[in-house]
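Here's the structure, in structure tokens; my notes come after.
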Amino acid sequence: DEFLENPYTTSLEKEVHKYFAVNLPGEKLKIKSTILKIIRTYVQPHLNNISTLQSSIQLYSDKHKKKIENQVKLLKFKTAQWLSYSGIFDDKSILFFETLLFFPEVKDGFDIVIGNPPYIQLQSKLLQEKATLYSAMDYTVFDKTGDIYCLFYERGFNLLKERGHLCYITSNKWMRSNYGESLRTYMAENTLSKILIDFGNYNAFDSVTVNTNIL
């Protein structure tokens, strides 16, 4: 991620760590102001880039217009993510997860990642636009006909420290479907599965009609 290589990253990590360490309201307010300033400084070049691309898009051929439009979408998506970080001060949702900013004491990854990722097809109306963005994010397991939980598997493994453990309950379609081939390959080449429980066609949940597995 280009954010991790950004010169503002060290300053932001330091200020976030200080914010959660101090208790005095006045000190917290000062640190909050510094954090927001760092975020705005980091985001501003992206906003400038978006403005430049949008103002010049008519100069391109139809073929290149589509590429520029996708580039603008990706920049807007990333910008919205980082601006949402101010939500930590108001108990609001944040649109991304970055270990460095939420758990600055974790330097080499987590011992364990546990989750029940969402099961939403990337071709669904809900994710159709975001799927274009995910395809540009270098996920090894991305497949345009796939499901978002496959991306959560790769992201989860990347959050682990060496010899860390991941435990997910997800749809089991990745085990047999065409779209799951890249995930199966990824797991075979990059992970060591200890236990995989496939519930087959048995419905493990009363309120959810999806066949599941636990890894």
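Ordering of the structure tokens sets the chain letters (A, B, ...); residue numbers start at 1 within each chain; ligands are numbered from 1 in the order shown.
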So that I can check the surroundings of Trp174 in chain A, please list as a PDB file with C-alpha atoms, in the first residue's frame every protein, DNA and RNA residue that reaches within 12 Å of it, counting only C-alpha atoms and ignoring chain neighbours fewer than 2 positions away.
```
ATOM      1  CA  TYR A 119     -21.095 -13.486   1.586  1.00  0.00           C
ATOM      2  CA  GLN A 121     -21.320 -11.865  -4.981  1.00  0.00           C
ATOM      3  CA  VAL A 141      -7.728 -14.430  -5.378  1.00  0.00           C
ATOM      4  CA  PHE A 142      -9.905 -11.824  -7.115  1.00  0.00           C
ATOM      5  CA  ASP A 143     -12.361 -13.204  -9.665  1.00  0.00           C
ATOM      6  CA  THR A 145     -17.600 -13.808 -10.842  1.00  0.00           C
ATOM      7  CA  GLY A 146     -16.579 -14.531  -7.253  1.00  0.00           C
ATOM      8  CA  ASP A 147     -17.681 -13.551  -3.784  1.00  0.00           C
ATOM      9  CA  ILE A 148     -16.262 -10.914  -1.459  1.00  0.00           C
ATOM     10  CA  TYR A 149     -15.504 -13.443   1.297  1.00  0.00           C
ATOM     11  CA  CYS A 150     -12.696 -14.810  -0.903  1.00  0.00           C
ATOM     12  CA  LEU A 151     -10.932 -11.440  -0.615  1.00  0.00           C
ATOM     13  CA  TYR A 153      -9.469 -14.879   3.210  1.00  0.00           C
ATOM     14  CA  THR A 170     -17.762 -18.856   5.275  1.00  0.00           C
ATOM     15  CA  SER A 171     -19.736 -20.205   2.371  1.00  0.00           C
ATOM     16  CA  ASN A 172     -18.146 -23.440   1.121  1.00  0.00           C
ATOM     17  CA  ARG A 176     -15.899 -26.508  -5.687  1.00  0.00           C
ATOM     18  CA  SER A 177     -16.774 -23.501  -7.852  1.00  0.00           C
ATOM     19  CA  ASN A 178     -14.805 -22.095 -10.782  1.00  0.00           C
ATOM     20  CA  TYR A 179     -14.456 -18.741  -9.051  1.00  0.00           C
ATOM     21  CA  GLY A 180     -12.867 -20.488  -6.072  1.00  0.00           C
ATOM     22  CA  GLU A 181      -9.961 -21.878  -8.112  1.00  0.00           C
ATOM     23  CA  SER A 182      -7.691 -18.897  -7.417  1.00  0.00           C
ATOM     24  CA  LEU A 183      -8.443 -19.112  -3.678  1.00  0.00           C
ATOM     25  CA  ARG A 184      -7.778 -22.865  -3.616  1.00  0.00           C
ATOM     26  CA  THR A 185      -4.467 -22.285  -5.396  1.00  0.00           C
ATOM     27  CA  TYR A 186      -3.587 -19.444  -3.018  1.00  0.00           C
ATOM     28  CA  MET A 187      -4.260 -21.624   0.025  1.00  0.00           C
ATOM     29  CA  ASP A 198     -17.077 -28.804   5.303  1.00  0.00           C
ATOM     30  CA  GLY A 200     -21.658 -29.876   2.643  1.00  0.00           C
ATOM     31  CA  ASN A 211     -23.840 -23.985   2.932  1.00  0.00           C
ATOM     32  CA  THR A 212     -20.781 -23.335   5.030  1.00  0.00           C
ATOM     33  CA  ASN A 213     -17.339 -24.487   6.105  1.00  0.00           C
TER      34      ASN A 213
END
```
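Taking range 60-125 of chain A and asking which residues DSSP calls strand (DSSP E or B) on the backbone, you get Phe110, Asp111, Ile112, Val113, Ile114, Gly115 and Gln121 of chain A.
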Give me, as a PDB file with all heavy atoms, in the first residue's frame, all polymer residues having an atom no more than 9 Å from range 18-20 of chain A, counting only C-alpha atoms and skipping those fewer than 2 positions away in the same chain.
```pdb
ATOM      1  N   GLU A  13       1.266   7.369  12.798  1.00  0.00           N
ATOM      2  CA  GLU A  13       1.338   6.235  13.724  1.00  0.00           C
ATOM      3  C   GLU A  13       1.675   6.730  15.135  1.00  0.00           C
ATOM      4  O   GLU A  13       1.072   6.312  16.120  1.00  0.00           O
ATOM      5  CB  GLU A  13       2.402   5.247  13.244  1.00  0.00           C
ATOM      6  CG  GLU A  13       2.569   4.039  14.166  1.00  0.00           C
ATOM      7  CD  GLU A  13       3.748   3.174  13.768  1.00  0.00           C
ATOM      8  OE1 GLU A  13       4.508   3.567  12.864  1.00  0.00           O
ATOM      9  OE2 GLU A  13       3.917   2.116  14.382  1.00  0.00           O
ATOM     10  N   LYS A  14       2.628   7.636  15.223  1.00  0.00           N
ATOM     11  CA  LYS A  14       3.065   8.180  16.515  1.00  0.00           C
ATOM     12  C   LYS A  14       1.930   8.936  17.210  1.00  0.00           C
ATOM     13  O   LYS A  14       1.691   8.769  18.412  1.00  0.00           O
ATOM     14  CB  LYS A  14       4.247   9.117  16.261  1.00  0.00           C
ATOM     15  CG  LYS A  14       4.832   9.770  17.507  1.00  0.00           C
ATOM     16  CD  LYS A  14       6.072  10.556  17.111  1.00  0.00           C
ATOM     17  CE  LYS A  14       6.177  11.810  17.936  1.00  0.00           C
ATOM     18  NZ  LYS A  14       7.236  12.703  17.461  1.00  0.00           N
ATOM     19  N   GLU A  15       1.207   9.770  16.451  1.00  0.00           N
ATOM     20  CA  GLU A  15       0.125  10.561  17.035  1.00  0.00           C
ATOM     21  C   GLU A  15      -1.050   9.689  17.470  1.00  0.00           C
ATOM     22  O   GLU A  15      -1.671   9.940  18.508  1.00  0.00           O
ATOM     23  CB  GLU A  15      -0.345  11.630  16.046  1.00  0.00           C
ATOM     24  CG  GLU A  15       0.684  12.698  15.718  1.00  0.00           C
ATOM     25  CD  GLU A  15       1.170  13.450  16.942  1.00  0.00           C
ATOM     26  OE1 GLU A  15       0.352  13.732  17.848  1.00  0.00           O
ATOM     27  OE2 GLU A  15       2.376  13.754  17.003  1.00  0.00           O
ATOM     28  N   VAL A  16      -1.365   8.663  16.668  1.00  0.00           N
ATOM     29  CA  VAL A  16      -2.461   7.749  17.028  1.00  0.00           C
ATOM     30  C   VAL A  16      -2.128   7.026  18.332  1.00  0.00           C
ATOM     31  O   VAL A  16      -2.973   6.869  19.217  1.00  0.00           O
ATOM     32  CB  VAL A  16      -2.716   6.734  15.890  1.00  0.00           C
ATOM     33  CG1 VAL A  16      -3.638   5.612  16.364  1.00  0.00           C
ATOM     34  CG2 VAL A  16      -3.345   7.435  14.693  1.00  0.00           C
ATOM     35  N   VAL A  22      -3.019   8.875  26.180  1.00  0.00           N
ATOM     36  CA  VAL A  22      -3.269   9.968  27.132  1.00  0.00           C
ATOM     37  C   VAL A  22      -4.719   9.979  27.590  1.00  0.00           C
ATOM     38  O   VAL A  22      -5.611   9.476  26.900  1.00  0.00           O
ATOM     39  CB  VAL A  22      -2.905  11.346  26.518  1.00  0.00           C
ATOM     40  CG1 VAL A  22      -1.465  11.368  26.077  1.00  0.00           C
ATOM     41  CG2 VAL A  22      -3.834  11.691  25.354  1.00  0.00           C
ATOM     42  N   ASN A  23      -4.936  10.588  28.768  1.00  0.00           N
ATOM     43  CA  ASN A  23      -6.286  10.649  29.338  1.00  0.00           C
ATOM     44  C   ASN A  23      -6.825  12.070  29.473  1.00  0.00           C
ATOM     45  O   ASN A  23      -8.029  12.268  29.596  1.00  0.00           O
ATOM     46  CB  ASN A  23      -6.301   9.981  30.727  1.00  0.00           C
ATOM     47  CG  ASN A  23      -6.004   8.499  30.644  1.00  0.00           C
ATOM     48  OD1 ASN A  23      -6.582   7.796  29.823  1.00  0.00           O
ATOM     49  ND2 ASN A  23      -5.084   8.010  31.492  1.00  0.00           N
ATOM     50  N   GLU A  27      -5.229  17.395  26.101  1.00  0.00           N
ATOM     51  CA  GLU A  27      -4.165  16.751  25.323  1.00  0.00           C
ATOM     52  C   GLU A  27      -4.752  15.966  24.157  1.00  0.00           C
ATOM     53  O   GLU A  27      -4.246  16.003  23.042  1.00  0.00           O
ATOM     54  CB  GLU A  27      -3.347  15.814  26.222  1.00  0.00           C
ATOM     55  CG  GLU A  27      -2.298  16.498  27.065  1.00  0.00           C
ATOM     56  CD  GLU A  27      -1.243  17.192  26.216  1.00  0.00           C
ATOM     57  OE1 GLU A  27      -0.638  16.536  25.353  1.00  0.00           O
ATOM     58  OE2 GLU A  27      -1.059  18.408  26.395  1.00  0.00           O
ATOM     59  N   LYS A  28      -5.851  15.252  24.428  1.00  0.00           N
ATOM     60  CA  LYS A  28      -6.503  14.470  23.370  1.00  0.00           C
ATOM     61  C   LYS A  28      -6.969  15.379  22.234  1.00  0.00           C
ATOM     62  O   LYS A  28      -6.867  15.037  21.059  1.00  0.00           O
ATOM     63  CB  LYS A  28      -7.686  13.680  23.931  1.00  0.00           C
ATOM     64  CG  LYS A  28      -7.310  12.343  24.554  1.00  0.00           C
ATOM     65  CD  LYS A  28      -8.539  11.499  24.801  1.00  0.00           C
ATOM     66  CE  LYS A  28      -8.177  10.127  25.327  1.00  0.00           C
ATOM     67  NZ  LYS A  28      -7.544   9.275  24.312  1.00  0.00           N
ATOM     68  N   LEU A  29      -7.506  16.551  22.600  1.00  0.00           N
ATOM     69  CA  LEU A  29      -8.005  17.487  21.597  1.00  0.00           C
ATOM     70  C   LEU A  29      -6.879  17.980  20.696  1.00  0.00           C
ATOM     71  O   LEU A  29      -7.031  18.084  19.471  1.00  0.00           O
ATOM     72  CB  LEU A  29      -8.677  18.671  22.296  1.00  0.00           C
ATOM     73  CG  LEU A  29      -9.625  19.511  21.440  1.00  0.00           C
ATOM     74  CD1 LEU A  29     -10.764  18.667  20.902  1.00  0.00           C
ATOM     75  CD2 LEU A  29     -10.159  20.684  22.256  1.00  0.00           C
ATOM     76  N   ILE A  31      -4.023  16.403  20.065  1.00  0.00           N
ATOM     77  CA  ILE A  31      -3.542  15.285  19.248  1.00  0.00           C
ATOM     78  C   ILE A  31      -4.541  14.986  18.129  1.00  0.00           C
ATOM     79  O   ILE A  31      -4.154  14.693  16.996  1.00  0.00           O
ATOM     80  CB  ILE A  31      -3.307  14.027  20.113  1.00  0.00           C
ATOM     81  CG1 ILE A  31      -2.240  14.315  21.176  1.00  0.00           C
ATOM     82  CG2 ILE A  31      -2.873  12.837  19.246  1.00  0.00           C
ATOM     83  CD1 ILE A  31      -2.133  13.260  22.249  1.00  0.00           C
ATOM     84  N   LYS A  32      -5.844  15.085  18.448  1.00  0.00           N
ATOM     85  CA  LYS A  32      -6.886  14.884  17.436  1.00  0.00           C
ATOM     86  C   LYS A  32      -6.698  15.863  16.288  1.00  0.00           C
ATOM     87  O   LYS A  32      -6.761  15.497  15.109  1.00  0.00           O
ATOM     88  CB  LYS A  32      -8.267  15.066  18.062  1.00  0.00           C
ATOM     89  CG  LYS A  32      -9.408  15.083  17.052  1.00  0.00           C
ATOM     90  CD  LYS A  32     -10.744  15.384  17.726  1.00  0.00           C
ATOM     91  CE  LYS A  32     -11.855  15.542  16.708  1.00  0.00           C
ATOM     92  NZ  LYS A  32     -13.168  15.851  17.346  1.00  0.00           N
ATOM     93  N   ILE A  35      -3.785  14.785  14.160  1.00  0.00           N
ATOM     94  CA  ILE A  35      -4.115  13.603  13.351  1.00  0.00           C
ATOM     95  C   ILE A  35      -4.931  13.998  12.122  1.00  0.00           C
ATOM     96  O   ILE A  35      -4.647  13.568  11.000  1.00  0.00           O
ATOM     97  CB  ILE A  35      -4.889  12.566  14.197  1.00  0.00           C
ATOM     98  CG1 ILE A  35      -3.953  11.917  15.222  1.00  0.00           C
ATOM     99  CG2 ILE A  35      -5.511  11.485  13.303  1.00  0.00           C
ATOM    100  CD1 ILE A  35      -4.658  11.034  16.223  1.00  0.00           C
TER     101      ILE A  35
END
```
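Shortest separation to Leu166 in chain A among A:Phe103, A:Phe110, A:Tyr139, A:Phe89 occurs at residue A:Phe110, atoms counted being only C-alpha atoms.
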Counting only C-alpha atoms, the residue among A:Ile195, A:Ile94, A:Leu75, A:Ile68 that lies closest to Met137 in chain A is A:Leu75
For Ser93 in chain A, please output as a list of chain:residue names all residues within 12 Å (counting only C-alpha atoms; exclusion window: fewer than 5 positions along the same chain).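 Neighbouring residues, sequence-local ones excluded: A:Ala80, A:Gln81, A:Trp82, A:Leu83, A:Ser84, A:Tyr85, A:Ser86, A:Gly87, A:Ile88.
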Output file for the residues above (all heavy atoms, as a short mmCIF file (atom, residue, chain, number, x, y, z; two decimals), in the first residue's frame):
```
data_model
loop_
_atom_site.label_atom_id
_atom_site.label_comp_id
_atom_site.auth_asym_id
_atom_site.auth_seq_id
_atom_site.Cartn_x
_atom_site.Cartn_y
_atom_site.Cartn_z
N ALA A 80 -12.03 8.58 0.32
CA ALA A 80 -13.14 8.44 1.26
C ALA A 80 -12.74 7.55 2.43
O ALA A 80 -13.13 7.80 3.58
CB ALA A 80 -14.36 7.86 0.55
N GLN A 81 -11.95 6.51 2.13
CA GLN A 81 -11.49 5.62 3.19
C GLN A 81 -10.68 6.38 4.23
O GLN A 81 -10.94 6.30 5.43
CB GLN A 81 -10.65 4.49 2.61
CG GLN A 81 -11.44 3.40 1.92
CD GLN A 81 -10.53 2.29 1.42
OE1 GLN A 81 -9.50 2.53 0.82
NE2 GLN A 81 -10.91 1.06 1.69
N TRP A 82 -9.69 7.13 3.76
CA TRP A 82 -8.81 7.81 4.71
C TRP A 82 -9.50 8.95 5.43
O TRP A 82 -9.25 9.18 6.62
CB TRP A 82 -7.54 8.29 3.99
CG TRP A 82 -6.67 7.12 3.65
CD1 TRP A 82 -6.39 6.64 2.41
CD2 TRP A 82 -6.00 6.26 4.58
NE1 TRP A 82 -5.59 5.52 2.51
CE2 TRP A 82 -5.35 5.27 3.82
CE3 TRP A 82 -5.91 6.23 5.96
CZ2 TRP A 82 -4.60 4.25 4.41
CZ3 TRP A 82 -5.16 5.20 6.55
CH2 TRP A 82 -4.53 4.25 5.78
N LEU A 83 -10.40 9.65 4.76
CA LEU A 83 -11.14 10.72 5.43
C LEU A 83 -12.06 10.15 6.51
O LEU A 83 -12.35 10.81 7.50
CB LEU A 83 -11.94 11.53 4.41
CG LEU A 83 -11.12 12.45 3.49
CD1 LEU A 83 -12.02 13.10 2.45
CD2 LEU A 83 -10.39 13.52 4.30
N SER A 84 -12.51 8.91 6.30
CA SER A 84 -13.41 8.29 7.28
C SER A 84 -12.69 7.98 8.60
O SER A 84 -13.33 7.69 9.60
CB SER A 84 -14.01 7.00 6.71
OG SER A 84 -13.06 5.93 6.72
N TYR A 85 -11.36 8.06 8.60
CA TYR A 85 -10.61 7.73 9.82
C TYR A 85 -10.98 8.67 10.97
O TYR A 85 -10.84 8.31 12.14
CB TYR A 85 -9.10 7.80 9.56
CG TYR A 85 -8.29 7.30 10.74
CD1 TYR A 85 -8.32 5.96 11.10
CD2 TYR A 85 -7.52 8.17 11.50
CE1 TYR A 85 -7.61 5.48 12.19
CE2 TYR A 85 -6.80 7.71 12.60
CZ TYR A 85 -6.84 6.37 12.93
OH TYR A 85 -6.13 5.91 14.03
N SER A 86 -11.48 9.86 10.65
CA SER A 86 -11.90 10.79 11.70
C SER A 86 -13.04 10.21 12.52
O SER A 86 -13.35 10.69 13.62
CB SER A 86 -12.33 12.13 11.10
OG SER A 86 -13.43 11.95 10.23
N GLY A 87 -13.66 9.13 12.01
CA GLY A 87 -14.74 8.46 12.73
C GLY A 87 -14.32 7.88 14.07
O GLY A 87 -15.17 7.63 14.93
N ILE A 88 -13.02 7.67 14.27
CA ILE A 88 -12.57 7.12 15.56
C ILE A 88 -12.87 8.07 16.70
O ILE A 88 -12.96 7.65 17.85
CB ILE A 88 -11.06 6.77 15.56
CG1 ILE A 88 -10.21 8.03 15.41
CG2 ILE A 88 -10.71 5.75 14.53
CD1 ILE A 88 -8.74 7.81 15.72
#
```
Residues near Lys194 in chain A, anyone? I mean within 12 Å using only C-alpha atoms, not counting same-chain ones fewer than 6 positions away, as a ChimeraX atom specification. /A:163-167,187,214-215
Keeping only N, CA, C and O atoms, write those residues as a compact mmCIF listing (two decimals), in the first residue's frame.
```txt
# COMPACT_ATOMS: atom_id res chain seq x y z
N ARG A 163 3.42 -18.12 11.45
CA ARG A 163 2.82 -19.17 12.28
C ARG A 163 1.55 -18.72 12.99
O ARG A 163 1.11 -19.32 13.97
N GLY A 164 0.95 -17.63 12.50
CA GLY A 164 -0.32 -17.19 13.06
C GLY A 164 -1.46 -18.07 12.58
O GLY A 164 -1.29 -18.89 11.66
N HIS A 165 -2.64 -17.91 13.20
CA HIS A 165 -3.78 -18.76 12.89
C HIS A 165 -4.97 -17.94 12.40
O HIS A 165 -5.30 -16.91 12.99
N LEU A 166 -5.60 -18.40 11.34
CA LEU A 166 -6.83 -17.79 10.84
C LEU A 166 -7.97 -18.77 11.02
O LEU A 166 -7.83 -19.97 10.73
N CYS A 167 -9.10 -18.28 11.52
CA CYS A 167 -10.28 -19.13 11.68
C CYS A 167 -11.49 -18.39 11.15
O CYS A 167 -11.91 -17.38 11.71
N MET A 187 -4.38 -20.90 -1.25
CA MET A 187 -4.26 -21.62 0.02
C MET A 187 -3.24 -22.75 -0.06
O MET A 187 -2.44 -22.97 0.86
N ILE A 214 -15.90 -24.34 8.02
CA ILE A 214 -15.06 -23.67 9.02
C ILE A 214 -13.62 -24.07 8.73
O ILE A 214 -13.30 -25.24 8.60
N LEU A 215 -12.77 -23.06 8.60
CA LEU A 215 -11.34 -23.30 8.34
C LEU A 215 -10.55 -22.80 9.54
O LEU A 215 -10.74 -21.67 9.97
```
Could you name the residues that touch Gln123 in chain A at 7 Å or less, counting only C-alpha atoms, but leaving out those on the same chain fewer than 3 positions away, as an mmCIF file with N, CA and C atoms, in the first residue's frame?
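Wrote it out as around09.cif, contents follow:
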```cif
data_model
loop_
_atom_site.group_PDB
_atom_site.id
_atom_site.type_symbol
_atom_site.label_atom_id
_atom_site.label_comp_id
_atom_site.auth_asym_id
_atom_site.auth_seq_id
_atom_site.Cartn_x
_atom_site.Cartn_y
_atom_site.Cartn_z
ATOM 1 N N LEU A 127 -22.407 -4.651 -4.952
ATOM 2 C CA LEU A 127 -20.948 -4.550 -5.038
ATOM 3 C C LEU A 127 -20.413 -4.287 -6.441
ATOM 4 N N GLN A 128 -21.291 -4.172 -7.408
ATOM 5 C CA GLN A 128 -20.862 -4.073 -8.805
ATOM 6 C C GLN A 128 -19.806 -2.984 -9.031
ATOM 7 N N LYS A 144 -13.890 -11.837 -10.962
ATOM 8 C CA LYS A 144 -15.066 -10.966 -11.124
ATOM 9 C C LYS A 144 -16.384 -11.701 -10.934
ATOM 10 N N THR A 145 -16.374 -13.036 -11.062
ATOM 11 C CA THR A 145 -17.600 -13.808 -10.842
ATOM 12 C C THR A 145 -17.678 -14.345 -9.413
#
```
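CA of Thr132 in chain A lies 20.3 Å from CA of Ser61 in chain A.
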Which of A:Pro45, A:Pro104, A:Pro25, A:Gly109 sits closest to Glu162 in chain A [using only C-alpha atoms]: A:Gly109
Proximity to Lys65 in chain A - best of A:Leu53, A:Ile112, A:Leu160, A:Thr140, only C-alpha atoms: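 Of A:Leu53, A:Ile112, A:Leu160, A:Thr140, the one nearest Lys65 in chain A, counting only C-alpha atoms, is A:Leu53.
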Would you mind reading off the distance between CA of Tyr168 in chain A and CA of Ile114 in chain A, one decimal, in Å?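 Atom-to-atom, CA of Tyr168 in chain A to CA of Ile114 in chain A, that is 5.8 Å.
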